[in-house]
Amino acid sequence: MTNADIAAAFDHIADLIEYQGGNVFRVRAYRNAARTIGSMVESLATVRADPSRTLTDIEGVGADLAAKIGTLLDTGRLPLLDELQREIPAVVFELMRVPGLGPKKVKALVDELGIDSLDALEQACRDGRVQEVKGFGAKTEAAILENIGFAKSPEHNRLLWSEADAIVQQLLAWLRECPAVRRAEGAGSWRRGRETVGDIDVLVDGDDAARVMDHLVAWPECAGVLLRGDTKTSIRGPRGVQVDLRVVDEDSFGAAWQYFTGSKEHNVRLRSRARDRRLTINEYGVFRLEPGADADARPTKGAAVAGRTEEDVYASVGLPWIPPELREAGDEIARAERGTLPELVTLDDIRGDLHMHTTATDGEDTLGGMVRAAIDRGLAYIAITDHGQRVTMARGLDRKRLLKQWDEIDRLNESLAEDGHPPIVVLKGIEVDMLEKGGLDLPDEVLARADWVVASLHYGQNQPRERITGRIIEAIENPHVSVIGHPTGRLINRRPAYDVDIEAVIAAAARTGTFLEINANPWRLDLDDRHAAAAKQAGVKLVISTDAHSTRGLDVMRCGVLQARRAGLEAKDIVNTHTLAQFRKLTGKA
């Protein structure tokens with residue numbers, strides 16, 4: 001099983017135990033372990049296989065959880081989870097997909113109203129019966145009714161990109177062990193960097209297709225064969241995802257890679273351009289069209305104009321290679337024709353991380369631990385942005401505790417600079433909350449002393465559009481606020497964005513010079529690619545930050561960079577690609 005599989009299993013167990021009214025500390029242990037495992041890049045199987053290490057070395061994983069991880073790795077199942085699923089009605093899992101409905105509320109609905117489906121819940125809301133259940137009320141009922149459509153959407157059954165990526169990397173490593181495989185690459189929505197992935201497409205250049213198929217079916221994560229042909233096999237992989245493998249000729253690999261990467265709309269436009277040049281493009285290559293020929297037919301071998309590489313495919317229709325992240329049928333073909341494709345930002349361009357938390361609030365690692373991890377990742381500067389006092393559930397910092405932390409950061413920076421060449425500079429930051437009634441949760445006189453201020457909205461997310469938009473714009477207009485954190489508040493597959501006029505927010509940020517965040521947390525990726533592109537067009541600078549709550553959380557920066565690439569952003573559009581001196585000048589803190 002992948003890390004994502006095991007994290008999902010532990011999260012599921014936590015939900016079920018909470019539904020049953022189990023021990024709160026036991027619930028918390030499973031949730032913390034799920035969060036830790038879900039953010040790990042190294043696989044748990046690799047950790048366990050290393051004789052010098054143990055699973056209990058992982059923070060939050062004791063002997064009991066380590067044993068359960070071992071069972072999952074060995075068998076793909078867990079007796080505890082099977083037992084809980086037998087004891088609890090299947091509808092519970094369906095109802096918990098509704099944003100705002102946790103295990104306790106779902107239990108109340110099932111016990112009090114006998115709810116047995118999303119349709120039944122929707123009808124109960126329309127009948128006004130939900131608001132009569134203790135702990136609900138009219139506002140909660142209205143919110144549930146509004147969010148049921150979100151829960152019903154098949155889009156939310158898709159894997160997060162980061163979850164799909166873990167599976168793709170594991171599969172590619174397995175395929176590349178096969179002697180018959182010369183090259184193996186991922187394609188489809190995973191390669192384009194979509195926020196969610198429905199199925200996984202893999203291409204192989206190999207000299208023995210049957211041997212490659214046998215190797216795929218022997219993959220330990222294969223849960224069943226759906227289809228097997230001469231050059232294509234489909235299997236059921238981890239998390240129930242469908243994996244489609246195609247074996248292609250070396251001379252066709254570039255054409256097939258382009259074709260199966262998509263998007264469908266991008267390929268339609270590319271084929272239309274080819275037809276204007278009396279060419280046809282398909283997964284086998286680029287071919288000249290004879291008069292009266294069927295453009296969709298497979299031409300005979302030997303007549304290909306291009307196909308070995310993607311670059312050749314695009315060149316055959318007079319275009320430079322277009323990065324996969326841009327192939328969504330926007331203006332990428334027109335820009336390629338004009339020679340104005342952006343030089344997309346890369347992970348190597350990132351010099352700093354400007355949103356992270358420590359044990360001072362709800363982080364898992366200390367200030368020193370976060371700094372050491374940032375140094376290990378080659379960052380030149382970071383901002384420590386623990387929560388302000390409004391976020392009481394995270395033990396948010398009041399004025400006194402914040403100033404004490406800043407004094408500690410000053411001393412740390414002095415220590416790091418003892419030899420005159422500090423490996424990193426730590427900025428004094430804070431994530432302040434936009435209060436429901438307006439204003440921020442810390443006074444301006446304190447914020448004026450910060451190097452970096454992230455303003456975020458965590459409470460009152462169901463307020464009317466005008467009110468939420470007004471709160472965000474008020475924060476943007478505060479001269480001490482550097483950036484708006486996760487501006488729409490969405491959690492992919494879990495919670496829709498709050499009702500905000502994002503165009504007005506972008507316009508306000510352009511007017512004041514306030515930055516907007518691309519939060520790299522795989523559940524957030526907020527701003528999304530469309531809004532990030534709109535922000536760039538309006539002249540707003542973006543910040544890609546991890547919002548890390550642990551040292552491992554720093555590794556999700558790549559997800560934020562991928563989102564920025566889909567938005568067509570270049571390094572110059574991103575604040576934290578600049579040197580520290582440039583950054584200070586840009587923020588007015590030089």
# chains A, B, ... in the order shown; residues from 1 in each chain; ligands from 1
>>> residues_around(residues="segment 384-395 of chain A", least_positions_apart="6", cutoff="8 Å", atoms="only C-alpha atoms", output="list of chain:residue names")
A:Leu354, A:His355, A:Met356, A:His357, A:Thr358, A:Ala360, A:Thr361, A:Asp362, A:Leu367, A:Val426, A:Leu427, A:Lys428, A:Gly429, A:Ile430, A:Glu431, A:Val432, A:Asp433, A:Leu435, A:Asp441, A:Leu442, A:Val453, A:Val454, A:His458
>>> write_last_selection(atoms="N, CA and C atoms", output="PDB file, in the first residue's frame")
ATOM      1  N   LEU A 354       7.194  31.023   3.009  1.00  0.00           N
ATOM      2  CA  LEU A 354       6.701  32.146   3.800  1.00  0.00           C
ATOM      3  C   LEU A 354       5.407  31.861   4.555  1.00  0.00           C
ATOM      4  N   HIS A 355       5.137  30.599   4.842  1.00  0.00           N
ATOM      5  CA  HIS A 355       3.950  30.246   5.635  1.00  0.00           C
ATOM      6  C   HIS A 355       4.207  28.890   6.266  1.00  0.00           C
ATOM      7  N   MET A 356       4.426  28.865   7.578  1.00  0.00           N
ATOM      8  CA  MET A 356       4.653  27.601   8.288  1.00  0.00           C
ATOM      9  C   MET A 356       4.382  27.781   9.767  1.00  0.00           C
ATOM     10  N   HIS A 357       4.173  26.660  10.456  1.00  0.00           N
ATOM     11  CA  HIS A 357       3.770  26.677  11.858  1.00  0.00           C
ATOM     12  C   HIS A 357       4.694  25.800  12.698  1.00  0.00           C
ATOM     13  N   THR A 358       4.787  26.123  13.965  1.00  0.00           N
ATOM     14  CA  THR A 358       5.640  25.376  14.891  1.00  0.00           C
ATOM     15  C   THR A 358       4.813  24.894  16.079  1.00  0.00           C
ATOM     16  N   ALA A 360       4.655  26.142  18.771  1.00  0.00           N
ATOM     17  CA  ALA A 360       4.106  27.277  19.525  1.00  0.00           C
ATOM     18  C   ALA A 360       2.591  27.351  19.361  1.00  0.00           C
ATOM     19  N   THR A 361       2.082  26.867  18.205  1.00  0.00           N
ATOM     20  CA  THR A 361       0.628  26.775  18.016  1.00  0.00           C
ATOM     21  C   THR A 361       0.281  25.337  17.636  1.00  0.00           C
ATOM     22  N   ASP A 362      -0.099  25.088  16.402  1.00  0.00           N
ATOM     23  CA  ASP A 362      -0.562  23.742  16.050  1.00  0.00           C
ATOM     24  C   ASP A 362       0.410  22.967  15.176  1.00  0.00           C
ATOM     25  N   LEU A 367      10.606  25.423  16.460  1.00  0.00           N
ATOM     26  CA  LEU A 367      11.230  26.456  15.621  1.00  0.00           C
ATOM     27  C   LEU A 367      12.562  25.957  15.085  1.00  0.00           C
ATOM     28  N   VAL A 426      15.736  33.742   9.203  1.00  0.00           N
ATOM     29  CA  VAL A 426      14.384  33.458   9.668  1.00  0.00           C
ATOM     30  C   VAL A 426      13.645  34.773   9.872  1.00  0.00           C
ATOM     31  N   LEU A 427      12.532  34.940   9.179  1.00  0.00           N
ATOM     32  CA  LEU A 427      11.745  36.166   9.262  1.00  0.00           C
ATOM     33  C   LEU A 427      10.699  36.050  10.369  1.00  0.00           C
ATOM     34  N   LYS A 428      10.448  37.146  11.024  1.00  0.00           N
ATOM     35  CA  LYS A 428       9.449  37.190  12.094  1.00  0.00           C
ATOM     36  C   LYS A 428       8.078  37.406  11.467  1.00  0.00           C
ATOM     37  N   GLY A 429       7.258  36.367  11.500  1.00  0.00           N
ATOM     38  CA  GLY A 429       5.960  36.444  10.862  1.00  0.00           C
ATOM     39  C   GLY A 429       4.831  36.049  11.782  1.00  0.00           C
ATOM     40  N   ILE A 430       3.627  36.130  11.259  1.00  0.00           N
ATOM     41  CA  ILE A 430       2.420  35.760  11.991  1.00  0.00           C
ATOM     42  C   ILE A 430       1.308  35.528  10.977  1.00  0.00           C
ATOM     43  N   GLU A 431       0.440  34.564  11.252  1.00  0.00           N
ATOM     44  CA  GLU A 431      -0.776  34.400  10.459  1.00  0.00           C
ATOM     45  C   GLU A 431      -1.936  34.942  11.289  1.00  0.00           C
ATOM     46  N   VAL A 432      -2.331  36.167  10.982  1.00  0.00           N
ATOM     47  CA  VAL A 432      -3.429  36.787  11.720  1.00  0.00           C
ATOM     48  C   VAL A 432      -4.760  36.362  11.115  1.00  0.00           C
ATOM     49  N   ASP A 433      -5.789  36.407  11.952  1.00  0.00           N
ATOM     50  CA  ASP A 433      -7.118  36.020  11.504  1.00  0.00           C
ATOM     51  C   ASP A 433      -7.957  37.250  11.214  1.00  0.00           C
ATOM     52  N   LEU A 435     -11.248  38.817  11.600  1.00  0.00           N
ATOM     53  CA  LEU A 435     -12.343  38.602  12.548  1.00  0.00           C
ATOM     54  C   LEU A 435     -13.697  38.700  11.856  1.00  0.00           C
ATOM     55  N   ASP A 441      -6.935  39.984  14.358  1.00  0.00           N
ATOM     56  CA  ASP A 441      -6.926  39.538  15.754  1.00  0.00           C
ATOM     57  C   ASP A 441      -5.702  39.991  16.546  1.00  0.00           C
ATOM     58  N   LEU A 442      -4.835  40.793  15.934  1.00  0.00           N
ATOM     59  CA  LEU A 442      -3.729  41.419  16.657  1.00  0.00           C
ATOM     60  C   LEU A 442      -3.640  42.877  16.233  1.00  0.00           C
ATOM     61  N   VAL A 453       3.441  39.328   7.301  1.00  0.00           N
ATOM     62  CA  VAL A 453       2.127  39.088   7.908  1.00  0.00           C
ATOM     63  C   VAL A 453       1.217  38.409   6.891  1.00  0.00           C
ATOM     64  N   VAL A 454       0.787  37.207   7.237  1.00  0.00           N
ATOM     65  CA  VAL A 454      -0.210  36.483   6.448  1.00  0.00           C
ATOM     66  C   VAL A 454      -1.567  36.729   7.099  1.00  0.00           C
ATOM     67  N   HIS A 458     -10.491  32.081   8.797  1.00  0.00           N
ATOM     68  CA  HIS A 458     -10.761  30.728   9.275  1.00  0.00           C
ATOM     69  C   HIS A 458     -12.163  30.573   9.856  1.00  0.00           C
TER      70      HIS A 458
END
>>> residues_around(residues="Thr488 of chain A", least_positions_apart="5", cutoff="8 Å", atoms="only C-alpha atoms", output="ChimeraX atom specification")
/A:497-500,502,526-527
>>> write_last_selection(atoms="C-alpha atoms", output="PDB file, in the first residue's frame")
ATOM      1  CA  ALA A 497     -14.708  27.664  -1.429  1.00  0.00           C
ATOM      2  CA  TYR A 498     -16.547  30.219   0.616  1.00  0.00           C
ATOM      3  CA  ASP A 499     -18.727  32.655  -1.291  1.00  0.00           C
ATOM      4  CA  VAL A 500     -16.280  35.416  -2.178  1.00  0.00           C
ATOM      5  CA  ILE A 502     -12.470  36.816  -6.001  1.00  0.00           C
ATOM      6  CA  ASP A 526      -5.563  27.896  -3.229  1.00  0.00           C
ATOM      7  CA  LEU A 527      -5.540  30.080  -5.302  1.00  0.00           C
TER       8      LEU A 527
END
>>> atom_distance(atom1="atom CA of Lys589 of chain A", atom2="atom CA of Gly568 of chain A")
28.3 Å
>>> closest_atom_pairs(of="segment 482-561 of chain A", to="segment 146-163 of chain A", cutoff="10 Å", atoms="only C-alpha atoms", output="JSON lines")
{"residue": "A:Ile492", "atom": "CA", "partner": "A:Leu160", "partner_atom": "CA", "distance": 7.8}
{"residue": "A:Asn493", "atom": "CA", "partner": "A:His156", "partner_atom": "CA", "distance": 4.7}
{"residue": "A:Arg494", "atom": "CA", "partner": "A:His156", "partner_atom": "CA", "distance": 7.9}
{"residue": "A:Arg495", "atom": "CA", "partner": "A:Phe150", "partner_atom": "CA", "distance": 8.0}
{"residue": "A:Pro496", "atom": "CA", "partner": "A:Phe150", "partner_atom": "CA", "distance": 7.4}
{"residue": "A:Asn521", "atom": "CA", "partner": "A:Ser162", "partner_atom": "CA", "distance": 9.5}
{"residue": "A:Pro522", "atom": "CA", "partner": "A:Ser162", "partner_atom": "CA", "distance": 6.4}
{"residue": "A:Trp523", "atom": "CA", "partner": "A:Leu160", "partner_atom": "CA", "distance": 7.3}
{"residue": "A:Val556", "atom": "CA", "partner": "A:Ser162", "partner_atom": "CA", "distance": 8.6}
{"residue": "A:Arg558", "atom": "CA", "partner": "A:Ser162", "partner_atom": "CA", "distance": 9.6}
{"residue": "A:Cys559", "atom": "CA", "partner": "A:Ser162", "partner_atom": "CA", "distance": 7.3}
>>> atom_distance(atom1="atom CA of Pro79 of chain A", atom2="atom CA of Ile13 of chain A")
11.0 Å
>>> residues_around(residues="Ala120 of chain A", least_positions_apart="5", cutoff="12 Å", atoms="only C-alpha atoms", output="ChimeraX atom specification")
/A:91,94-95,109-110,113-115,125-127,129-130,145,148
>>> select_by_dssp(residues="segment 322-486 of chain A", states="strand (DSSP E or B)", output="list in words")
Leu344, Gly352, Asp353, Met356, Tyr381, Ile382, Ala383, Ile384, His387, Gly388, Leu397, Val425, Val426, Leu427, Lys428, Gly429, Ile430, Glu431, Val432, Asp433, Met434, Leu440, Trp452, Val453, Val454, Ala455, Ser456, Val483 and Ile484 of chain A
>>> select_by_dssp(residues="segment 270-413 of chain A", states="helix (DSSP H, G or I)", output="PyMOL selection string")
chain A and resi 270-276+310-316+324-326+332-338+347-349+367-376+392-394+399-413
>>> write_last_selection(atoms="C-alpha atoms", output="compact mmCIF listing (two decimals), in the first residue's frame")
# COMPACT_ATOMS: atom_id res chain seq x y z
CA LEU A 270 -3.74 20.48 -32.50
CA ARG A 271 -5.33 18.04 -34.99
CA SER A 272 -7.29 20.90 -36.55
CA ARG A 273 -4.05 22.79 -37.07
CA ALA A 274 -2.52 19.68 -38.59
CA ARG A 275 -5.39 19.26 -41.06
CA ASP A 276 -4.82 22.83 -42.27
CA GLU A 310 6.88 15.35 -28.58
CA GLU A 311 9.09 18.16 -29.83
CA ASP A 312 8.94 16.69 -33.33
CA VAL A 313 5.16 16.39 -33.16
CA TYR A 314 4.71 20.06 -32.30
CA ALA A 315 7.39 21.15 -34.77
CA SER A 316 5.55 19.35 -37.57
CA PRO A 324 1.97 19.63 -20.36
CA GLU A 325 0.62 21.90 -17.61
CA LEU A 326 -0.56 24.38 -20.25
CA GLU A 332 -1.45 28.00 -25.31
CA ILE A 333 -1.45 27.25 -29.05
CA ALA A 334 -1.87 30.90 -30.01
CA ARG A 335 0.94 31.88 -27.62
CA ALA A 336 3.15 29.11 -28.96
CA GLU A 337 2.56 30.39 -32.49
CA ARG A 338 3.48 33.94 -31.40
CA LEU A 347 10.92 24.13 -7.88
CA ASP A 348 14.58 25.12 -8.21
CA ASP A 349 13.49 28.77 -8.53
CA LEU A 367 11.23 26.46 15.62
CA GLY A 368 14.70 24.91 15.53
CA GLY A 369 13.40 21.79 13.81
CA MET A 370 11.67 23.79 11.08
CA VAL A 371 14.79 25.89 10.52
CA ARG A 372 17.04 22.84 10.22
CA ALA A 373 14.60 21.22 7.78
CA ALA A 374 14.51 24.39 5.68
CA ILE A 375 18.31 24.49 5.56
CA ASP A 376 18.36 20.84 4.47
CA THR A 392 -7.94 29.24 20.03
CA MET A 393 -8.15 25.59 18.94
CA ALA A 394 -4.55 25.92 17.76
CA ARG A 399 0.75 39.72 21.87
CA LYS A 400 2.94 38.57 24.75
CA ARG A 401 3.66 35.09 23.38
CA LEU A 402 4.22 36.41 19.86
CA LEU A 403 6.78 38.99 20.95
CA LYS A 404 8.52 36.31 22.97
CA GLN A 405 8.74 34.13 19.84
CA TRP A 406 10.11 37.03 17.83
CA ASP A 407 12.81 37.60 20.45
CA GLU A 408 13.72 33.92 20.09
CA ILE A 409 13.93 34.34 16.31
CA ASP A 410 16.22 37.38 16.75
CA ARG A 411 18.55 35.32 18.93
CA LEU A 412 18.45 32.45 16.47
CA ASN A 413 19.38 34.72 13.56
>>> residues_around(residues="Glu477 of chain A", least_positions_apart="6", cutoff="10 Å", atoms="only C-alpha atoms", output="list in words")
Ala508, Ala509, Arg511, Thr512, Gly513 and Thr514 of chain A
>>> write_last_selection(atoms="C-alpha atoms", output="JSON list (two decimals), in the first residue's frame")
[["chain", "number", "residue", "atom", "x", "y", "z"],
["A", 508, "ALA", "CA", -7.98, 45.27, -4.37],
["A", 509, "ALA", "CA", -4.65, 43.43, -4.18],
["A", 511, "ARG", "CA", -4.48, 48.45, -6.08],
["A", 512, "THR", "CA", -2.60, 48.08, -2.79],
["A", 513, "GLY", "CA", 0.32, 45.90, -3.86],
["A", 514, "THR", "CA", -0.70, 43.14, -1.45]]
>>> atom_distance(atom1="atom CA of Pro291 of chain A", atom2="atom CA of Arg277 of chain A")
12.4 Å
>>> residues_around(residues="Arg467 of chain A", least_positions_apart="6", cutoff="10 Å", atoms="only C-alpha atoms", output="list of chain:residue names")
A:Glu436, A:Lys437, A:Gly438, A:Gly460, A:Gln461, A:Ile473, A:Asp499, A:Val500
>>> closest_residue(among="A:Ile200, A:Val425, A:Ala567, A:Ala34", to="Glu343 of chain A", atoms="only C-alpha atoms")
A:Ala567
